[in-house]
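Okay, coords-v5.cif is below, mmCIF, C-alpha atoms; chains and numbers go by the auth columns:
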data_query
loop_
_atom_site.group_PDB
_atom_site.id
_atom_site.type_symbol
_atom_site.label_atom_id
_atom_site.label_comp_id
_atom_site.label_asym_id
_atom_site.label_seq_id
_atom_site.Cartn_x
_atom_site.Cartn_y
_atom_site.Cartn_z
_atom_site.B_iso_or_equiv
_atom_site.auth_seq_id
_atom_site.auth_asym_id
ATOM 1 C CA MET A 1 0.000 0.000 0.000 0.00 285 S
ATOM 2 C CA LYS A 2 1.444 3.360 -1.018 0.00 286 S
ATOM 3 C CA TYR A 3 1.748 5.914 1.791 0.00 287 S
ATOM 4 C CA PHE A 4 -0.559 8.433 0.135 0.00 288 S
ATOM 5 C CA GLY A 5 -2.985 5.581 -0.521 0.00 289 S
ATOM 6 C CA PHE A 6 -2.993 4.855 3.207 0.00 290 S
ATOM 7 C CA LEU A 7 -3.683 8.520 3.961 0.00 291 S
ATOM 8 C CA ALA A 8 -6.512 8.698 1.438 0.00 292 S
ATOM 9 C CA ARG A 9 -8.250 5.562 2.728 0.00 293 S
ATOM 10 C CA PHE A 10 -7.802 5.844 6.460 0.00 294 S
ATOM 11 C CA VAL A 11 -7.436 9.555 7.211 0.00 295 S
ATOM 12 C CA ILE A 12 -8.793 11.761 4.439 0.00 296 S
ATOM 13 C CA LEU A 13 -12.080 9.877 3.995 0.00 297 S
ATOM 14 C CA PRO A 14 -13.128 9.995 7.683 0.00 298 S
ATOM 15 C CA LEU A 15 -11.905 13.591 7.894 0.00 299 S
ATOM 16 C CA ALA A 16 -14.133 14.483 4.948 0.00 300 S
ATOM 17 C CA ALA A 17 -17.075 12.739 6.618 0.00 301 S
ATOM 18 C CA LEU A 18 -16.505 14.704 9.850 0.00 302 S
ATOM 19 C CA SER A 19 -16.270 17.935 7.870 0.00 303 S
ATOM 20 C CA ILE A 20 -19.613 17.262 6.189 0.00 304 S
ATOM 21 C CA PHE A 21 -21.210 16.385 9.528 0.00 305 S
ATOM 22 C CA THR A 22 -19.823 19.609 11.029 0.00 306 S
ATOM 23 C CA TRP A 23 -21.308 21.588 8.149 0.00 307 S
ATOM 24 C CA PHE A 24 -24.728 20.032 8.759 0.00 308 S
ATOM 25 C CA ASP A 25 -24.457 20.807 12.478 0.00 309 S
ATOM 26 C CA ALA A 26 -23.645 24.432 11.683 0.00 310 S
ATOM 27 C CA LYS A 27 -26.616 24.676 9.311 0.00 311 S
ATOM 28 C CA ARG A 28 -29.022 23.521 12.037 0.00 312 S
ATOM 29 C CA GLY A 29 -27.436 25.692 14.720 0.00 313 S
ATOM 30 C CA LYS A 30 -25.721 22.961 16.729 0.00 314 S
ATOM 31 C CA LYS A 31 -22.880 24.697 18.572 0.00 315 S
ATOM 32 C CA LEU A 32 -20.333 24.006 21.263 0.00 316 S
ATOM 33 C CA PRO A 33 -21.601 24.490 24.821 0.00 317 S
ATOM 34 C CA ASN A 34 -20.907 27.906 26.311 0.00 318 S
ATOM 35 C CA LYS A 35 -18.353 26.514 28.772 0.00 319 S
ATOM 36 C CA LEU A 36 -16.282 25.334 25.775 0.00 320 S
ATOM 37 C CA SER A 37 -16.269 28.531 23.749 0.00 321 S
ATOM 38 C CA ALA A 38 -13.254 30.478 25.024 0.00 322 S
ATOM 39 C CA LEU A 39 -11.640 30.617 21.575 0.00 323 S
ATOM 40 C CA PRO A 40 -12.812 29.939 17.988 0.00 324 S
ATOM 41 C CA PRO A 41 -12.591 26.180 17.271 0.00 325 S
ATOM 42 C CA ALA A 42 -11.007 26.712 13.852 0.00 326 S
ATOM 43 C CA ALA A 43 -8.213 28.812 15.383 0.00 327 S
ATOM 44 C CA ILE A 44 -7.572 26.184 18.055 0.00 328 S
ATOM 45 C CA LEU A 45 -7.446 23.386 15.496 0.00 329 S
ATOM 46 C CA GLY A 46 -5.111 25.397 13.263 0.00 330 S
ATOM 47 C CA ALA A 47 -2.803 26.118 16.180 0.00 331 S
ATOM 48 C CA HIS A 48 -2.607 22.422 17.036 0.00 332 S
ATOM 49 C CA VAL A 49 -1.769 21.499 13.453 0.00 333 S
ATOM 50 C CA GLY A 50 1.113 23.978 13.524 0.00 334 S
ATOM 51 C CA LEU A 51 2.328 22.739 16.904 0.00 335 S
ATOM 52 C CA ALA A 52 2.127 19.114 15.775 0.00 336 S
ATOM 53 C CA VAL A 53 4.331 19.733 12.743 0.00 337 S
ATOM 54 C CA ALA A 54 6.849 21.855 14.650 0.00 338 S
ATOM 55 C CA TYR A 55 7.159 19.523 17.645 0.00 339 S
ATOM 56 C CA THR A 56 7.082 16.178 15.824 0.00 340 S
ATOM 57 C CA THR A 57 9.418 16.980 12.915 0.00 341 S
ATOM 58 C CA PRO A 58 12.817 16.869 14.705 0.00 342 S
ATOM 59 C CA TRP A 59 11.802 13.833 16.798 0.00 343 S
ATOM 60 C CA ASP A 60 10.566 11.830 13.804 0.00 344 S
ATOM 61 C CA ASN A 61 13.617 12.737 11.732 0.00 345 S
ATOM 62 C CA TYR A 62 15.796 11.384 14.538 0.00 346 S
ATOM 63 C CA LEU A 63 13.825 8.119 14.567 0.00 347 S
ATOM 64 C CA VAL A 64 14.355 7.588 10.839 0.00 348 S
ATOM 65 C CA LYS A 65 17.991 8.687 10.948 0.00 349 S
ATOM 66 C CA THR A 66 18.784 6.184 13.713 0.00 350 S
ATOM 67 C CA ARG A 67 16.758 3.403 12.029 0.00 351 S
ATOM 68 C CA VAL A 68 14.123 3.088 14.713 0.00 352 S
ATOM 69 C CA TRP A 69 11.698 2.871 11.821 0.00 353 S
ATOM 70 C CA TRP A 70 11.991 3.132 8.048 0.00 354 S
ATOM 71 C CA TYR A 71 9.770 3.311 4.990 0.00 355 S
ATOM 72 C CA ASP A 72 9.665 1.483 1.671 0.00 356 S
ATOM 73 C CA LYS A 73 11.070 3.893 -0.892 0.00 357 S
ATOM 74 C CA LYS A 74 8.951 2.240 -3.584 0.00 358 S
ATOM 75 C CA LEU A 75 5.757 3.238 -1.766 0.00 359 S
ATOM 76 C CA VAL A 76 6.442 6.983 -1.395 0.00 360 S
ATOM 77 C CA THR A 77 6.757 9.796 -3.907 0.00 361 S
ATOM 78 C CA GLY A 78 10.468 10.266 -3.226 0.00 362 S
ATOM 79 C CA LEU A 79 10.188 13.824 -1.918 0.00 363 S
ATOM 80 C CA VAL A 80 12.086 13.833 1.371 0.00 364 S
ATOM 81 C CA LEU A 81 12.585 16.700 3.837 0.00 365 S
ATOM 82 C CA GLY A 82 15.459 15.837 6.124 0.00 366 S
ATOM 83 C CA TYR A 83 15.164 12.081 6.590 0.00 367 S
ATOM 84 C CA VAL A 84 11.380 11.866 6.403 0.00 368 S
ATOM 85 C CA PRO A 85 9.159 11.578 3.294 0.00 369 S
ATOM 86 C CA ILE A 86 6.627 14.290 2.555 0.00 370 S
ATOM 87 C CA GLU A 87 3.850 11.786 3.232 0.00 371 S
ATOM 88 C CA GLU A 88 4.864 11.651 6.894 0.00 372 S
ATOM 89 C CA TYR A 89 4.575 15.423 7.273 0.00 373 S
ATOM 90 C CA THR A 90 1.185 15.210 5.612 0.00 374 S
ATOM 91 C CA PHE A 91 0.193 12.634 8.207 0.00 375 S
ATOM 92 C CA PHE A 92 1.162 15.032 11.040 0.00 376 S
ATOM 93 C CA VAL A 93 -1.331 17.529 9.643 0.00 377 S
ATOM 94 C CA LEU A 94 -4.095 15.066 8.811 0.00 378 S
ATOM 95 C CA GLN A 95 -4.003 13.115 12.072 0.00 379 S
ATOM 96 C CA THR A 96 -4.204 16.333 14.073 0.00 380 S
ATOM 97 C CA ALA A 97 -7.095 17.537 11.938 0.00 381 S
ATOM 98 C CA LEU A 98 -8.898 14.189 12.213 0.00 382 S
ATOM 99 C CA THR A 99 -8.591 13.865 15.988 0.00 383 S
ATOM 100 C CA GLY A 100 -9.320 17.560 16.469 0.00 384 S
ATOM 101 C CA MET A 101 -12.434 17.458 14.313 0.00 385 S
ATOM 102 C CA PHE A 102 -13.615 14.340 16.127 0.00 386 S
ATOM 103 C CA LEU A 103 -13.136 16.033 19.500 0.00 387 S
ATOM 104 C CA LEU A 104 -15.072 19.109 18.368 0.00 388 S
ATOM 105 C CA THR A 105 -17.881 16.877 17.121 0.00 389 S
ATOM 106 C CA MET A 106 -18.029 15.027 20.442 0.00 390 S
ATOM 107 C CA ALA A 107 -17.911 18.343 22.325 0.00 391 S
ATOM 108 C CA ARG A 108 -21.184 19.400 20.710 0.00 392 S
ATOM 109 C CA TYR A 109 -22.935 16.329 22.096 0.00 393 S
ATOM 110 C CA THR A 110 -21.126 15.317 25.307 0.00 394 S
ATOM 111 C CA PRO A 111 -22.448 16.689 28.630 0.00 395 S
ATOM 112 C CA SER A 112 -19.991 17.649 31.377 0.00 396 S
ATOM 113 C CA ASP A 113 -20.030 19.077 34.889 0.00 397 S
ATOM 114 C CA ASP A 114 -20.623 22.803 35.166 0.00 398 S
ATOM 115 C CA ALA A 115 -17.528 23.502 37.271 0.00 399 S
ATOM 116 C CA PRO A 116 -14.097 21.992 37.845 0.00 400 S
ATOM 117 C CA PRO A 117 -13.790 19.724 40.910 0.00 401 S
ATOM 118 C CA LYS A 118 -12.978 21.203 44.303 0.00 402 S
ATOM 119 C CA ASN A 119 -9.332 21.345 45.376 0.00 403 S
ATOM 120 C CA GLY A 120 -8.338 21.280 41.725 0.00 404 S
ATOM 121 C CA TRP A 121 -4.681 21.794 42.563 0.00 405 S
ATOM 122 C CA ARG A 122 -4.550 18.203 43.826 0.00 406 S
ATOM 123 C CA TYR A 123 -5.419 16.883 40.377 0.00 407 S
ATOM 124 C CA ARG A 124 -2.928 19.221 38.768 0.00 408 S
ATOM 125 C CA VAL A 125 -0.089 18.250 41.081 0.00 409 S
ATOM 126 C CA GLY A 126 -0.966 14.552 41.312 0.00 410 S
ATOM 127 C CA LEU A 127 -1.290 13.956 37.585 0.00 411 S
ATOM 128 C CA THR A 128 1.874 15.911 36.811 0.00 412 S
ATOM 129 C CA LEU A 129 3.961 14.057 39.400 0.00 413 S
ATOM 130 C CA ALA A 130 2.742 10.671 38.152 0.00 414 S
ATOM 131 C CA LEU A 131 3.588 11.561 34.568 0.00 415 S
ATOM 132 C CA GLY A 132 6.931 12.977 35.710 0.00 416 S
ATOM 133 C CA ALA A 133 7.903 9.625 37.218 0.00 417 S
ATOM 134 C CA VAL A 134 7.243 7.816 33.934 0.00 418 S
ATOM 135 C CA TRP A 135 9.094 10.536 32.011 0.00 419 S
ATOM 136 C CA ALA A 136 12.123 10.218 34.306 0.00 420 S
ATOM 137 C CA TRP A 137 12.115 6.439 33.802 0.00 421 S
ATOM 138 C CA SER A 138 12.126 6.852 30.024 0.00 422 S
ATOM 139 C CA VAL A 139 14.990 9.355 30.148 0.00 423 S
ATOM 140 C CA TYR A 140 16.949 6.994 32.399 0.00 424 S
ATOM 141 C CA ASN A 141 16.523 4.224 29.823 0.00 425 S
ATOM 142 C CA LEU A 142 17.901 6.470 27.091 0.00 426 S
ATOM 143 C CA ILE A 143 20.876 7.537 29.197 0.00 427 S
ATOM 144 C CA THR A 144 21.759 3.950 30.148 0.00 428 S
ATOM 145 C CA GLY A 145 21.366 2.744 26.560 0.00 429 S
ATOM 146 C CA ARG A 146 18.770 0.008 27.027 0.00 430 S
ATOM 147 C CA LYS A 147 18.444 -0.831 23.347 0.00 431 S
ATOM 148 C CA LYS A 148 15.192 -2.816 23.452 0.00 432 S
ATOM 149 C CA LEU A 149 13.519 0.157 25.149 0.00 433 S
ATOM 150 C CA THR A 150 14.803 2.721 22.640 0.00 434 S
ATOM 151 C CA TYR A 151 11.599 3.383 20.693 0.00 435 S
ATOM 152 C CA LEU A 152 9.345 3.236 23.756 0.00 436 S
ATOM 153 C CA SER A 153 11.594 5.537 25.791 0.00 437 S
ATOM 154 C CA LEU A 154 12.020 8.041 22.964 0.00 438 S
ATOM 155 C CA THR A 155 8.247 8.176 22.537 0.00 439 S
ATOM 156 C CA LEU A 156 7.535 8.629 26.251 0.00 440 S
ATOM 157 C CA ALA A 157 10.291 11.209 26.769 0.00 441 S
ATOM 158 C CA TRP A 158 9.026 13.188 23.783 0.00 442 S
ATOM 159 C CA GLY A 159 5.279 12.918 24.401 0.00 443 S
ATOM 160 C CA LEU A 160 5.032 13.205 28.182 0.00 444 S
ATOM 161 C CA LEU A 161 6.892 16.510 28.427 0.00 445 S
ATOM 162 C CA PRO A 162 4.116 18.679 26.898 0.00 446 S
ATOM 163 C CA PHE A 163 1.478 16.494 28.550 0.00 447 S
ATOM 164 C CA MET A 164 2.957 17.367 31.962 0.00 448 S
ATOM 165 C CA PHE A 165 2.654 21.040 31.102 0.00 449 S
ATOM 166 C CA GLN A 166 -0.997 20.500 30.183 0.00 450 S
ATOM 167 C CA THR A 167 -1.851 18.689 33.429 0.00 451 S
ATOM 168 C CA ALA A 168 0.026 21.231 35.529 0.00 452 S
ATOM 169 C CA PHE A 169 -2.008 23.988 33.899 0.00 453 S
ATOM 170 C CA GLY A 170 -5.411 22.349 33.929 0.00 454 S
ATOM 171 C CA GLY A 171 -5.556 18.838 35.318 0.00 455 S
ATOM 172 C CA ASP A 172 -8.761 19.730 37.138 0.00 456 S
ATOM 173 C CA ILE A 173 -10.298 21.106 33.939 0.00 457 S
ATOM 174 C CA LEU A 174 -9.558 17.780 32.284 0.00 458 S
ATOM 175 C CA VAL A 175 -11.283 15.952 35.124 0.00 459 S
ATOM 176 C CA GLN A 176 -14.290 18.231 34.642 0.00 460 S
ATOM 177 C CA HIS A 177 -14.445 17.297 30.943 0.00 461 S
ATOM 178 C CA ARG A 178 -13.235 13.713 31.420 0.00 462 S
ATOM 179 C CA LYS A 179 -15.976 12.162 29.253 0.00 463 S
ATOM 180 C CA LEU A 180 -15.101 14.379 26.314 0.00 464 S
ATOM 181 C CA VAL A 181 -11.359 13.916 26.782 0.00 465 S
ATOM 182 C CA ALA A 182 -11.736 10.133 27.011 0.00 466 S
ATOM 183 C CA LEU A 183 -13.786 9.976 23.814 0.00 467 S
ATOM 184 C CA GLY A 184 -11.292 12.218 22.009 0.00 468 S
ATOM 185 C CA ILE A 185 -8.439 9.920 23.000 0.00 469 S
ATOM 186 C CA VAL A 186 -9.750 6.367 23.014 0.00 470 S
ATOM 187 C CA LEU A 187 -11.741 6.160 19.783 0.00 471 S
ATOM 188 C CA PRO A 188 -9.171 7.853 17.471 0.00 472 S
ATOM 189 C CA THR A 189 -6.375 5.806 19.081 0.00 473 S
ATOM 190 C CA LEU A 190 -8.171 2.520 18.440 0.00 474 S
ATOM 191 C CA TYR A 191 -9.006 3.523 14.885 0.00 475 S
ATOM 192 C CA LEU A 192 -5.512 4.734 13.988 0.00 476 S
ATOM 193 C CA GLY A 193 -3.919 1.744 15.720 0.00 477 S
ATOM 194 C CA VAL A 194 -5.866 -0.696 13.558 0.00 478 S
ATOM 195 C CA SER A 195 -5.078 1.370 10.445 0.00 479 S
ATOM 196 C CA ASP A 196 -1.390 1.444 11.352 0.00 480 S
ATOM 197 C CA SER A 197 -1.234 -2.328 11.765 0.00 481 S
ATOM 198 C CA LEU A 198 -2.658 -2.732 8.256 0.00 482 S
ATOM 199 C CA ALA A 199 -0.017 -0.372 6.858 0.00 483 S
ATOM 200 C CA ILE A 200 2.771 -2.290 8.611 0.00 484 S
ATOM 201 C CA ASP A 201 1.387 -5.577 7.252 0.00 485 S
ATOM 202 C CA SER A 202 1.459 -4.173 3.723 0.00 486 S
ATOM 203 C CA GLY A 203 5.066 -2.972 4.103 0.00 487 S
ATOM 204 C CA THR A 204 4.369 0.758 3.877 0.00 488 S
ATOM 205 C CA TRP A 205 6.697 1.248 6.850 0.00 489 S
ATOM 206 C CA SER A 206 8.655 -1.043 9.174 0.00 490 S
ATOM 207 C CA ILE A 207 9.642 -0.943 12.849 0.00 491 S
ATOM 208 C CA ASN A 208 13.148 -2.017 13.929 0.00 492 S
ATOM 209 C CA PRO A 209 12.675 -5.126 16.135 0.00 493 S
ATOM 210 C CA GLU A 210 16.074 -4.556 17.772 0.00 494 S
ATOM 211 C CA LYS A 211 14.859 -1.254 19.257 0.00 495 S
ATOM 212 C CA THR A 212 11.440 -2.351 20.485 0.00 496 S
ATOM 213 C CA VAL A 213 10.228 -4.502 23.384 0.00 497 S
ATOM 214 C CA ASP A 214 8.756 -6.931 20.822 0.00 498 S
ATOM 215 C CA LEU A 215 5.237 -6.834 22.240 0.00 499 S
ATOM 216 C CA HIS A 216 2.320 -6.551 19.838 0.00 500 S
ATOM 217 C CA ILE A 217 -1.210 -5.365 20.569 0.00 501 S
ATOM 218 C CA GLY A 218 -3.693 -7.774 19.049 0.00 502 S
ATOM 219 C CA GLY A 219 -0.767 -9.757 17.688 0.00 503 S
ATOM 220 C CA LYS A 220 0.013 -7.123 15.034 0.00 504 S
ATOM 221 C CA LEU A 221 0.496 -3.578 16.293 0.00 505 S
ATOM 222 C CA PRO A 222 3.867 -2.924 17.986 0.00 506 S
ATOM 223 C CA LEU A 223 3.399 -1.619 21.524 0.00 507 S
ATOM 224 C CA GLU A 224 5.407 1.503 20.720 0.00 508 S
ATOM 225 C CA GLU A 225 3.132 2.403 17.814 0.00 509 S
ATOM 226 C CA GLY A 226 0.121 2.100 20.083 0.00 510 S
ATOM 227 C CA VAL A 227 1.811 4.335 22.661 0.00 511 S
ATOM 228 C CA PHE A 228 2.638 6.861 19.938 0.00 512 S
ATOM 229 C CA PHE A 229 -0.983 7.144 18.805 0.00 513 S
ATOM 230 C CA LEU A 230 -2.174 7.254 22.389 0.00 514 S
ATOM 231 C CA LEU A 231 0.172 10.110 23.295 0.00 515 S
ATOM 232 C CA THR A 232 -0.431 12.146 20.145 0.00 516 S
ATOM 233 C CA ASN A 233 -4.191 11.890 20.572 0.00 517 S
ATOM 234 C CA VAL A 234 -3.794 12.803 24.246 0.00 518 S
ATOM 235 C CA LEU A 235 -1.866 15.942 23.337 0.00 519 S
ATOM 236 C CA ILE A 236 -4.423 16.955 20.717 0.00 520 S
ATOM 237 C CA SER A 237 -7.566 16.209 22.741 0.00 521 S
ATOM 238 C CA VAL A 238 -6.236 17.579 26.026 0.00 522 S
ATOM 239 C CA GLY A 239 -4.743 20.666 24.419 0.00 523 S
ATOM 240 C CA MET A 240 -7.893 21.516 22.519 0.00 524 S
ATOM 241 C CA THR A 241 -10.104 20.950 25.561 0.00 525 S
ATOM 242 C CA LEU A 242 -7.964 23.289 27.630 0.00 526 S
ATOM 243 C CA MET A 243 -8.021 25.974 24.953 0.00 527 S
ATOM 244 C CA LEU A 244 -11.780 25.630 24.528 0.00 528 S
ATOM 245 C CA SER A 245 -12.541 25.792 28.247 0.00 529 S
ATOM 246 C CA LYS A 246 -13.664 29.145 29.632 0.00 530 S
ATOM 247 C CA GLU A 247 -11.906 28.253 32.858 0.00 531 S
ATOM 248 C CA SER A 248 -8.476 28.398 31.193 0.00 532 S
ATOM 249 C CA PRO A 249 -8.250 32.174 30.487 0.00 533 S
ATOM 250 C CA LYS A 250 -8.580 32.853 34.229 0.00 534 S
ATOM 251 C CA ARG A 251 -5.192 31.197 34.702 0.00 535 S
ATOM 252 C CA ILE A 252 -3.383 33.297 32.130 0.00 536 S
ATOM 253 C CA PRO A 253 -1.676 36.504 33.336 0.00 537 S
ATOM 254 C CA PRO A 254 -3.851 39.546 32.480 0.00 538 S
ATOM 255 C CA LYS A 255 -1.259 41.236 30.254 0.00 539 S
ATOM 256 C CA LEU A 256 -0.697 38.063 28.246 0.00 540 S
ATOM 257 C CA ARG A 257 -4.443 37.478 28.040 0.00 541 S
ATOM 258 C CA GLN A 258 -4.919 41.020 26.739 0.00 542 S
ATOM 259 C CA TRP A 259 -2.121 40.597 24.182 0.00 543 S
ATOM 260 C CA LEU A 260 -3.691 37.336 22.956 0.00 544 S
ATOM 261 C CA ARG A 261 -7.140 39.009 22.932 0.00 545 S
ATOM 262 C CA ILE A 262 -8.632 36.274 25.067 0.00 546 S
ATOM 263 C CA ARG A 263 -11.805 37.031 26.974 0.00 547 S
ATOM 264 C CA GLU A 264 -12.855 35.235 30.129 0.00 548 S
#

Could you quickly redo this structure as structure tokens?
Amino acid sequence: MKYFGFLARFVILPLAALSIFTWFDAKRGKKLPNKLSALPPAAILGAHVGLAVAYTTPWDNYLVKTRVWWYDKKLVTGLVLGYVPIEEYTFFVLQTALTGMFLLTMARYTPSDDAPPKNGWRYRVGLTLALGAVWAWSVYNLITGRKKLTYLSLTLAWGLLPFMFQTAFGGDILVQHRKLVALGIVLPTLYLGVSDSLAIDSGTWSINPEKTVDLHIGGKLPLEEGVFFLLTNVLISVGMTLMLSKESPKRIPPKLRQWLRIRE
């Protein structure tokens, strides 16, 4: 299966379907709830697409350069930026758009509590400390050169860092909107995981067995690939929820809030 063929089948088609559904919702006046209207959804989605490309590009280039994974040159167009084919950059954009659009769709239909939980700082501190412990473990593995844990540790060290920032800022907000966040993470992760396993089976890309723990979800999907999709969908769904929440602007310094033109 060619890489662009994979994108067309498994990402562009569902993204188009979500776009059409969003258009119908707009026509009949179905909007986001007031508590999730701090910023325009299109601006938030666009910002996450930009962040995804900027943050993932150096990390993914390192993975390909060090042969953590590689692609079949016969199944790509041949246009390469750095060490990564143009199809991979396209996937950064499309996955973010797909998960983001799905989250916005779910947000229009998913009820949540009216206010964040009491003693919200406990959620913020507790979640961040727990994630910090896993992040430290992954960094330790990289420093000590545990080869079989290379891909897993690189993924955790890369993905947990911004996630810790998100939980420190609004862990309690995420608890408030836990149903929405869970839907935005679990369903896209399952879907993309199955799609990824099909692409690996067809030879579109390959994972280096020497740098993985050699565990496969459902007998096909490498554990590290599942963790990658889980973390990327976490960052998208959590980040968008925080930016949508009207509780978030209250935590931004007034001068910065004024400069960004954010209203409470």

What would the selection look like, as an NGL selection string, if the PyMOL selection byres ((chain S and resi 303) around 12) were run on the coordinates I just shared?
:S and (296-302 or 304-310 or 326 or 381-386 or 388-389)

Neighbouring residues of S:Gln460 were defined as those with any atom within 8 Å, considering only C-alpha atoms; residues of the same chain fewer than 5 positions away were excluded. Please report them as number ranges by chain.
S: 396-401

Expansion of the PyMOL selection byres ((chain S and resi 510-523) around 9) into residues, as a VMD selection string:
chain S and resid 328 to 329 332 to 333 336 379 to 380 383 to 384 387 436 439 to 440 443 to 444 446 to 447 450 to 451 458 464 to 470 472 to 474 476 to 477 480 500 to 501 505 to 509 524 to 528

Which residues fall under the PyMOL selection byres ((chain S and resi 489) around 7) in this file, as an MDAnalysis selection string?
chainID S and resid 354:356 483:484 487:488 490

Keeping only C-alpha atoms, take the residues you just selected and write them out as a PDB file, in the frame of the given file.
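Contents of the output file out-v3.pdb:
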ATOM      1  CA  TRP S 354      11.991   3.132   8.048  1.00  0.00           C
ATOM      2  CA  TYR S 355       9.770   3.311   4.990  1.00  0.00           C
ATOM      3  CA  ASP S 356       9.665   1.483   1.671  1.00  0.00           C
ATOM      4  CA  ALA S 483      -0.017  -0.372   6.858  1.00  0.00           C
ATOM      5  CA  ILE S 484       2.771  -2.290   8.611  1.00  0.00           C
ATOM      6  CA  GLY S 487       5.066  -2.972   4.103  1.00  0.00           C
ATOM      7  CA  THR S 488       4.369   0.758   3.877  1.00  0.00           C
ATOM      8  CA  SER S 490       8.655  -1.043   9.174  1.00  0.00           C
TER       9      SER S 490
END

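For the residues S:Leu433, S:Ala414, S:Leu438, S:Leu445, ranking by smallest atom-to-atom distance to S:Asp498 using only C-alpha atoms places S:Leu433 first.
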
Between atom CA of S:Trp353 and atom CA of S:Val423, what is the distance in Å, rounded to a tenth?
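We find that atom CA of S:Trp353 and atom CA of S:Val423 lie 19.7 Å from each other.
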
Identify which of the residues S:Tyr475, S:Phe453, S:Trp543, S:Phe288 lies closest to S:Glu371, counting all atoms listed in the file when measuring atom-to-atom distances.
S:Phe288

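In this structure, atom CA of S:Tyr393 sits 24.2 Å away from atom CA of S:Phe294.
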
Separation of atom CA of S:Leu413 and atom CA of S:Ala338, in Å?
26.1 Å

Using all atoms listed in the file for the distances, tell me which of S:Thr434, S:Asn318, S:Asn345, S:Thr340 is nearest to S:Leu365.
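Counting all atoms listed in the file, the residue closest to S:Leu365 is S:Asn345.
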
Hey, which of S:Arg351, S:Arg462, S:Lys504, S:Lys495 ends up closest to S:Ser481? Count all atoms listed in the file.
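Smallest separation from S:Ser481 among the options: S:Lys504.
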